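Okay, start-v5.tsv now, which holds TSV, C-alpha atoms:
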chain	number	residue	atom	x	y	z
A	1429	MET	CA	19.38	-27.46	2.48
A	1430	THR	CA	18.20	-26.10	-0.84
A	1431	LYS	CA	14.89	-26.37	-2.64
A	1432	ALA	CA	16.37	-29.29	-4.63
A	1433	GLU	CA	16.70	-31.29	-1.39
A	1434	ILE	CA	13.11	-30.53	-0.40
A	1435	VAL	CA	12.09	-31.76	-3.87
A	1436	GLN	CA	14.13	-34.91	-3.26
A	1437	ALA	CA	12.42	-35.46	0.12
A	1438	LEU	CA	9.00	-35.11	-1.51
A	1439	TYR	CA	9.99	-37.48	-4.33
A	1440	SER	CA	11.33	-40.19	-2.03
A	1441	LYS	CA	8.99	-39.88	0.96
A	1442	VAL	CA	5.55	-39.16	-0.44
A	1443	GLY	CA	5.85	-41.14	-3.66
A	1444	GLY	CA	3.69	-41.18	-6.75
A	1445	PHE	CA	5.30	-38.05	-8.23
A	1446	SER	CA	7.95	-37.87	-10.94
A	1447	LYS	CA	10.99	-35.72	-10.18
A	1448	LYS	CA	9.60	-33.03	-12.47
A	1449	GLU	CA	6.21	-33.13	-10.72
A	1450	SER	CA	7.90	-33.00	-7.33
A	1451	ALA	CA	9.89	-29.93	-8.39
A	1452	ASP	CA	6.80	-28.20	-9.80
A	1453	ILE	CA	4.80	-28.87	-6.62
A	1454	VAL	CA	7.52	-27.53	-4.30
A	1455	ASP	CA	7.79	-24.42	-6.50
A	1456	LEU	CA	4.02	-24.02	-6.30
A	1457	VAL	CA	4.01	-24.26	-2.50
A	1458	PHE	CA	6.61	-21.49	-2.11
A	1459	ASP	CA	5.02	-19.41	-4.89
A	1460	MET	CA	1.65	-19.58	-3.14
A	1461	MET	CA	3.25	-18.53	0.13
A	1462	LYS	CA	4.91	-15.60	-1.65
A	1463	GLU	CA	1.62	-14.60	-3.26
A	1464	THR	CA	-0.14	-14.69	0.10
A	1465	LEU	CA	2.49	-12.54	1.81
A	1466	GLY	CA	2.53	-10.30	-1.27
A	1467	ARG	CA	-1.20	-9.68	-0.77
A	1468	GLY	CA	-0.39	-8.46	2.73
A	1469	GLU	CA	-1.66	-11.63	4.40
A	1470	LYS	CA	0.26	-13.40	7.15
A	1471	ILE	CA	0.80	-17.18	7.19
A	1472	LYS	CA	0.52	-19.51	10.17
A	1473	ILE	CA	1.99	-22.99	9.80
A	1474	SER	CA	1.13	-24.89	12.96
A	1475	GLY	CA	4.08	-26.86	14.26
A	1476	PHE	CA	6.53	-24.72	12.29
A	1477	GLY	CA	5.91	-21.03	12.80
A	1478	ASN	CA	4.21	-17.85	11.69
A	1479	PHE	CA	5.25	-15.53	8.90
A	1480	VAL	CA	4.18	-12.23	10.41
A	1481	LEU	CA	3.77	-8.88	8.67
A	1482	ARG	CA	4.34	-5.60	10.46
A	1483	ASP	CA	3.92	-2.01	9.41
A	1484	LYS	CA	6.82	0.18	10.53
A	1485	ARG	CA	6.50	3.93	10.85
A	1486	GLN	CA	9.07	6.30	9.39
A	1487	ARG	CA	11.90	6.73	11.88
A	1488	PRO	CA	15.27	8.41	12.09
A	1489	GLY	CA	18.29	6.25	11.42
A	1490	ARG	CA	21.91	6.54	10.44
A	1491	ASN	CA	23.98	5.46	7.52
A	1492	PRO	CA	26.12	2.84	9.29
A	1493	GLN	CA	29.03	3.56	6.95
A	1494	THR	CA	29.23	7.32	7.33
A	1495	GLY	CA	27.20	7.94	10.48
A	1496	ASP	CA	25.08	10.49	8.62
A	1497	PRO	CA	21.53	10.85	9.96
A	1498	ILE	CA	18.88	9.69	7.48
A	1499	GLN	CA	15.14	9.05	7.55
A	1500	ILE	CA	14.11	5.40	7.33
A	1501	SER	CA	10.90	5.46	5.33
A	1502	GLU	CA	7.75	3.74	6.47
A	1503	ARG	CA	7.61	0.15	5.31
A	1504	ARG	CA	5.98	-3.24	5.74
A	1505	VAL	CA	8.30	-5.99	6.90
A	1506	LEU	CA	8.12	-9.76	7.23
A	1507	THR	CA	9.40	-11.63	10.26
A	1508	PHE	CA	9.30	-15.29	11.17
A	1509	LYS	CA	8.18	-16.42	14.61
A	1510	ALA	CA	9.13	-20.01	15.25
A	1511	SER	CA	6.47	-22.15	16.90
A	1512	GLN	CA	7.05	-23.59	20.35
A	1513	ILE	CA	7.13	-27.05	18.72
A	1514	LEU	CA	9.95	-26.04	16.35
A	1515	LYS	CA	11.87	-24.42	19.20
A	1516	LEU	CA	11.58	-27.62	21.23
A	1517	ALA	CA	12.64	-29.69	18.21
A	1518	LEU	CA	15.87	-27.67	18.07
A	1519	ASN	CA	16.39	-27.94	21.83
A	1520	PRO	CA	15.60	-31.44	23.01
A	1521	LYS	CA	15.50	-31.60	26.79
A	1522	THR	CA	18.22	-33.57	28.48
A	1523	ALA	CA	17.44	-36.34	30.96
A	1524	GLU	CA	18.68	-34.04	33.77
A	1525	GLU	CA	16.33	-31.23	32.74
A	1526	LEU	CA	13.37	-33.61	32.63
A	1527	ALA	CA	14.31	-35.01	36.05
A	1528	ALA	CA	14.72	-31.50	37.50
A	1529	GLU	CA	11.32	-30.45	36.19
A	1530	ALA	CA	9.68	-33.56	37.56
A	1531	ALA	CA	11.33	-32.93	40.93
A	1532	ALA	CA	10.11	-29.32	40.95
A	1533	GLY	CA	6.62	-30.49	40.12
A	1534	VAL	CA	6.54	-28.39	36.97
A	1535	THR	CA	4.19	-29.52	34.26
A	1536	ALA	CA	4.55	-28.11	30.77
A	1537	THR	CA	5.80	-24.59	31.48
A	1538	ALA	CA	6.17	-22.30	28.51
A	1539	SER	CA	9.60	-20.70	28.31
A	1540	GLU	CA	8.15	-17.31	27.42
B	20	MET	CA	-3.52	-18.14	5.75
B	21	THR	CA	-3.19	-21.23	7.93
B	22	LYS	CA	-1.56	-24.54	7.05
B	23	SER	CA	-4.94	-26.07	6.21
B	24	GLU	CA	-5.75	-23.11	3.94
B	25	LEU	CA	-2.39	-23.60	2.23
B	26	ILE	CA	-3.28	-27.27	1.72
B	27	ASP	CA	-6.68	-26.34	0.25
B	28	ALA	CA	-5.08	-23.72	-2.00
B	29	LEU	CA	-2.46	-26.22	-3.20
B	30	ALA	CA	-5.17	-28.79	-4.00
B	31	ALA	CA	-7.14	-26.14	-5.91
B	32	ARG	CA	-4.13	-25.02	-7.94
B	33	SER	CA	-2.82	-28.51	-8.79
B	34	ASN	CA	-4.46	-31.78	-9.73
B	35	LEU	CA	-3.90	-33.13	-6.22
B	36	THR	CA	-6.55	-34.35	-3.83
B	37	LYS	CA	-6.67	-32.60	-0.47
B	38	ALA	CA	-5.24	-35.73	1.14
B	39	ARG	CA	-2.25	-35.70	-1.23
B	40	ALA	CA	-1.82	-31.93	-0.84
B	41	GLU	CA	-1.70	-32.42	2.91
B	42	LEU	CA	1.04	-35.05	2.58
B	43	VAL	CA	2.98	-32.63	0.36
B	44	VAL	CA	2.74	-29.63	2.68
B	45	ASN	CA	3.61	-31.74	5.74
B	46	CYS	CA	6.55	-33.27	3.89
B	47	VAL	CA	7.93	-29.83	2.96
B	48	PHE	CA	7.79	-28.45	6.50
B	49	ASP	CA	9.00	-31.75	8.02
B	50	ALA	CA	12.03	-31.71	5.71
B	51	MET	CA	12.74	-28.10	6.72
B	52	THR	CA	12.34	-28.89	10.43
B	53	GLU	CA	14.72	-31.85	10.11
B	54	ALA	CA	17.35	-29.71	8.39
B	55	LEU	CA	17.13	-27.11	11.17
B	56	GLN	CA	17.35	-29.89	13.78
B	57	ARG	CA	20.61	-30.99	12.17
B	58	GLY	CA	21.77	-27.40	12.56
B	59	GLU	CA	21.62	-26.96	8.81
B	60	GLY	CA	20.45	-23.75	7.16
B	61	ILE	CA	17.82	-23.70	4.41
B	62	GLU	CA	18.01	-21.50	1.35
B	63	ILE	CA	14.94	-20.98	-0.83
B	64	ARG	CA	15.84	-18.58	-3.62
B	65	GLY	CA	13.32	-15.78	-4.07
B	66	PHE	CA	11.80	-16.53	-0.68
B	67	GLY	CA	14.44	-16.36	2.02
B	68	SER	CA	16.80	-18.39	4.14
B	69	PHE	CA	16.66	-19.99	7.55
B	70	THR	CA	19.69	-20.35	9.77
B	71	VAL	CA	20.09	-21.80	13.25
B	72	ARG	CA	21.53	-19.33	15.73
B	73	PRO	CA	23.02	-20.39	19.05
B	74	TYR	CA	22.13	-18.32	22.12
B	75	LYS	CA	24.11	-18.32	25.36
B	76	ALA	CA	22.61	-19.09	28.76
B	77	TYR	CA	21.43	-16.08	30.71
B	78	SER	CA	19.56	-15.36	33.89
B	79	GLY	CA	15.94	-14.46	33.20
B	80	ARG	CA	13.05	-13.72	35.52
B	81	ASN	CA	9.64	-15.19	36.05
B	82	PRO	CA	7.52	-12.25	34.87
B	83	ARG	CA	4.80	-13.09	37.39
B	84	THR	CA	6.84	-13.46	40.56
B	85	GLY	CA	10.06	-11.66	39.61
B	86	ALA	CA	12.06	-14.68	40.77
B	87	PRO	CA	15.29	-15.21	38.83
B	88	VAL	CA	15.16	-18.19	36.46
B	89	PRO	CA	18.24	-19.58	34.75
B	90	VAL	CA	17.66	-19.77	30.98
B	91	PRO	CA	19.77	-22.55	29.44
B	92	PRO	CA	21.69	-22.06	26.17
B	93	LYS	CA	19.47	-22.69	23.17
B	94	ARG	CA	19.33	-22.81	19.40
B	95	LEU	CA	16.68	-20.82	17.59
B	96	PRO	CA	15.79	-20.59	13.91
B	97	PHE	CA	16.32	-17.22	12.25
B	98	PHE	CA	14.63	-16.28	8.98
B	99	LYS	CA	16.19	-13.76	6.64
B	100	VAL	CA	13.69	-12.51	4.07
B	101	GLY	CA	14.83	-12.78	0.45
B	102	LYS	CA	15.17	-9.61	-1.60
B	103	ASP	CA	12.23	-10.39	-3.93
B	104	LEU	CA	9.88	-11.24	-1.10
B	105	LYS	CA	10.99	-8.23	0.92
B	106	GLU	CA	9.98	-5.93	-1.94
B	107	LEU	CA	6.77	-7.83	-2.57
B	108	VAL	CA	5.77	-7.51	1.08
B	109	ASN	CA	6.61	-3.81	1.23
B	110	ASN	CA	4.59	-3.15	-1.92
B	111	SER	CA	1.55	-4.83	-0.34
B	112	ARG	CA	1.22	-1.70	1.84
B	113	HIS	CA	-0.69	-0.16	-1.04
B	114	LEU	CA	-3.28	-2.95	-0.87
B	115	GLY	CA	-4.46	-1.89	2.57
B	116	ALA	CA	-4.15	-3.24	6.10
B	117	ILE	CA	-2.40	-6.49	6.97
B	118	LYS	CA	-4.75	-9.45	6.60
B	119	GLY	CA	-5.02	-12.58	8.67
B	120	GLY	CA	-5.40	-10.91	12.06
B	121	ASP	CA	-2.71	-9.30	14.21
B	122	ASP	CA	-0.12	-11.41	15.92
B	123	ASP	CA	-1.18	-10.79	19.46
B	124	ASP	CA	-3.65	-13.62	19.43
B	125	GLY	CA	-1.26	-15.92	21.28
B	126	ASP	CA	-2.13	-18.87	19.09
B	127	ASP	CA	1.43	-19.94	18.46
Take the structure from the file and write it as structure tokens.
Amino acid sequence: MTKAEIVQALYSKVGGFSKKESADIVDLVFDMMKETLGRGEKIKISGFGNFVLRDKRQRPGRNPQTGDPIQISERRVLTFKASQILKLALNPKTAEELAAEAAAGVTATASE
Amino acid sequence: MTKSELIDALAARSNLTKARAELVVNCVFDAMTEALQRGEGIEIRGFGSFTVRPYKAYSGRNPRTGAPVPVPPKRLPFFKVGKDLKELVNNSRHLGAIKGGDDDDGDD
């Protein structure tokens, strides 16, 4: 999926926007997310996941090509943590799993 | 920034009402979720890309009791940060500490 397909989804599902408006709005959404992360602010999208920032200290590393030891400088990195809802959406439970859980008397256990 | 703050910010920066901005933001993340559900990757130039990675089954443990628990095979989304955004984020170090709270608040 590319941004063009997200634009298409917005155009056909929400309605009331021209294709140009749909494209501009999708650009704006991602631009605003970039600006937020670029200010050093994390983003939490409930039901989807969190865009988390972490400060990494300087640490020793190696050039994977040559094996030479090098210093990896301190840096701020971005990682994505998928929400439990998104994880479940990608892993629908089978009928057997649901039956097994019911039999074990388990109610809504987190997998972590 | 939370989803509702993103919605408010979108409404403020466009001529959309909050209600319309909410439909927009939900539509964007729903479309992305559906693509991932189909096993499809997502590529947003300048931002990053999402791929779906398969993980094999393994034997885990209940951290409380230590009892072995079989973990079934699963698919998880993986986000690779785009080059632009990676640099942007690293440069934000000079603006001070990370904002929006740490990530140990267990709210996800």
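Nearest to Ser1511 (chain A) of all the residues B:Asn81, B:Asn109, B:Ser68, B:Thr52 is B:Thr52, based on only C-alpha atoms.
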*For Phe98 (chain B), which residue out of B:Ser33, B:Glu24, B:Arg80, B:Leu55 is the nearest one, using all atoms listed in the file?*
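Distance minimum relative to Phe98 (chain B) lands on B:Leu55.
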*If we count all atoms listed in the file, which residues of chain B reach to within 6 Å of chain A? Please list them as a PyMOL selection string.*
chain B and resi 20-22+56+61-63+98+107-109+111+117-119+127
*Can you list, as a PyMOL selection string, every protein, DNA or RNA residue that comes within 10 Å of Tyr77 (chain B) when you count only C-alpha atoms, leaving out same-chain residues fewer than 6 positions away?*
chain B and resi 88-92
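Comparing B:Asn34, B:Met51, B:Asp27, B:Arg64 by their smallest distance to Leu104 (chain B), the closest is B:Arg64 (using all atoms listed in the file).
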*d(CA of Arg72 (chain B), CA of Glu53 (chain B)) in Å*: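 Straight-line distance from CA of Arg72 (chain B) to CA of Glu53 (chain B) works out to 15.3 Å.
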*Quote the spacing between CA of Arg32 (chain B) and CA of Lys1448 (chain A) in Å to one decimal place.*
16.5 Å
Copy region 1442-1453 of chain A out of the block into a file, keeping N, CA and C atoms, as a compact mmCIF listing (two decimals), in the first residue's frame.
# COMPACT_ATOMS: atom_id res chain seq x y z
N VAL A 1442 -14.78 8.31 2.99
CA VAL A 1442 -15.28 9.42 3.81
C VAL A 1442 -16.20 10.32 2.98
N GLY A 1443 -15.80 10.60 1.76
CA GLY A 1443 -16.66 11.38 0.87
C GLY A 1443 -16.63 12.87 1.17
N GLY A 1444 -17.04 13.64 0.18
CA GLY A 1444 -17.08 15.09 0.35
C GLY A 1444 -15.78 15.79 0.03
N PHE A 1445 -14.73 15.03 -0.31
CA PHE A 1445 -13.44 15.61 -0.68
C PHE A 1445 -13.15 15.31 -2.15
N SER A 1446 -12.57 16.27 -2.85
CA SER A 1446 -12.07 15.99 -4.20
C SER A 1446 -10.82 15.14 -4.05
N LYS A 1447 -10.34 14.59 -5.16
CA LYS A 1447 -9.12 13.78 -5.10
C LYS A 1447 -7.94 14.63 -4.63
N LYS A 1448 -7.90 15.86 -5.12
CA LYS A 1448 -6.81 16.77 -4.73
C LYS A 1448 -6.88 17.06 -3.23
N GLU A 1449 -8.09 17.34 -2.74
CA GLU A 1449 -8.25 17.61 -1.30
C GLU A 1449 -7.86 16.38 -0.48
N SER A 1450 -8.29 15.22 -0.95
CA SER A 1450 -7.95 13.98 -0.23
C SER A 1450 -6.43 13.82 -0.14
N ALA A 1451 -5.74 14.07 -1.24
CA ALA A 1451 -4.28 13.94 -1.27
C ALA A 1451 -3.63 14.94 -0.32
N ASP A 1452 -4.14 16.19 -0.35
CA ASP A 1452 -3.55 17.22 0.51
C ASP A 1452 -3.75 16.87 1.99
N ILE A 1453 -4.93 16.33 2.32
CA ILE A 1453 -5.23 16.01 3.72
C ILE A 1453 -4.34 14.86 4.21
